[in-house]
Amino acid sequence: MGENSTVGIVDHAGRVFGYNGLMVLDGSIIPLSTRPDPALTILALSERAMEHILAQIQKSGDVTADAK
């Protein structure tokens, strides 16, 4: 997870840089090691990303915007 493709694969909303409409919302987007059981961290990141996705749908009716 990063601000651009030179420092990460996805942005804060799980959108993959360079692949329009592709999102990753699982444990693979966590940039650092977490506690032994990362389930709550994964859940929180996924829920936050879905809030961004829903806001984008409400605004434009489309979720295929590129990661910035």
# chains A, B, ... in the order shown; residues from 1 in each chain; ligands from 1
call {"tool": "residues_around", "arguments": {"residues": "Ser28 in chain A", "least_positions_apart": "6", "cutoff": "12 Å", "atoms": "only C-alpha atoms", "output": "list in words"}}
result
Met1, Gly8, Ile9, Val10, Gly14, Val16, Thr34, Pro38, Ala39, Thr41, Ile42, Leu45 and Ser46 of chain A
call {"tool": "closest_residue", "arguments": {"among": "A:Gly27, A:Ala44, A:Ala49, A:Pro36", "to": "His12 in chain A", "atoms": "only C-alpha atoms"}}
result
A:Ala49
call {"tool": "closest_residue", "arguments": {"among": "A:Asp62, A:Gly21, A:Pro31, A:Asp26", "to": "Glu47 in chain A", "atoms": "only C-alpha atoms"}}
result
A:Asp26
call {"tool": "select_by_dssp", "arguments": {"residues": "chain A", "states": "alpha helix (DSSP H)", "output": "NGL selection string"}}
result
:A and (39-60)
call {"tool": "write_last_selection", "arguments": {"atoms": "C-alpha atoms", "output": "PDB file, in the first residue's frame"}}
result
ATOM      1  CA  ALA A  39      -7.891 -10.669  10.953  1.00  0.00           C
ATOM      2  CA  LEU A  40      -9.076  -7.432  12.588  1.00  0.00           C
ATOM      3  CA  THR A  41      -6.537  -5.367  10.653  1.00  0.00           C
ATOM      4  CA  ILE A  42      -7.644  -6.963   7.372  1.00  0.00           C
ATOM      5  CA  LEU A  43     -11.298  -6.416   8.286  1.00  0.00           C
ATOM      6  CA  ALA A  44     -10.698  -2.738   9.107  1.00  0.00           C
ATOM      7  CA  LEU A  45      -8.746  -2.098   5.885  1.00  0.00           C
ATOM      8  CA  SER A  46     -11.410  -3.837   3.793  1.00  0.00           C
ATOM      9  CA  GLU A  47     -14.241  -1.956   5.473  1.00  0.00           C
ATOM     10  CA  ARG A  48     -12.459   1.374   4.952  1.00  0.00           C
ATOM     11  CA  ALA A  49     -11.820   0.555   1.292  1.00  0.00           C
ATOM     12  CA  MET A  50     -15.479  -0.350   0.784  1.00  0.00           C
ATOM     13  CA  GLU A  51     -16.499   3.041   2.186  1.00  0.00           C
ATOM     14  CA  HIS A  52     -14.330   4.674  -0.507  1.00  0.00           C
ATOM     15  CA  ILE A  53     -15.801   2.410  -3.190  1.00  0.00           C
ATOM     16  CA  LEU A  54     -19.385   3.165  -2.138  1.00  0.00           C
ATOM     17  CA  ALA A  55     -18.662   6.904  -2.093  1.00  0.00           C
ATOM     18  CA  GLN A  56     -17.212   6.648  -5.602  1.00  0.00           C
ATOM     19  CA  ILE A  57     -20.289   4.755  -6.838  1.00  0.00           C
ATOM     20  CA  GLN A  58     -22.595   7.367  -5.310  1.00  0.00           C
ATOM     21  CA  LYS A  59     -20.564  10.185  -6.854  1.00  0.00           C
ATOM     22  CA  SER A  60     -19.984   8.841 -10.362  1.00  0.00           C
TER      23      SER A  60
END
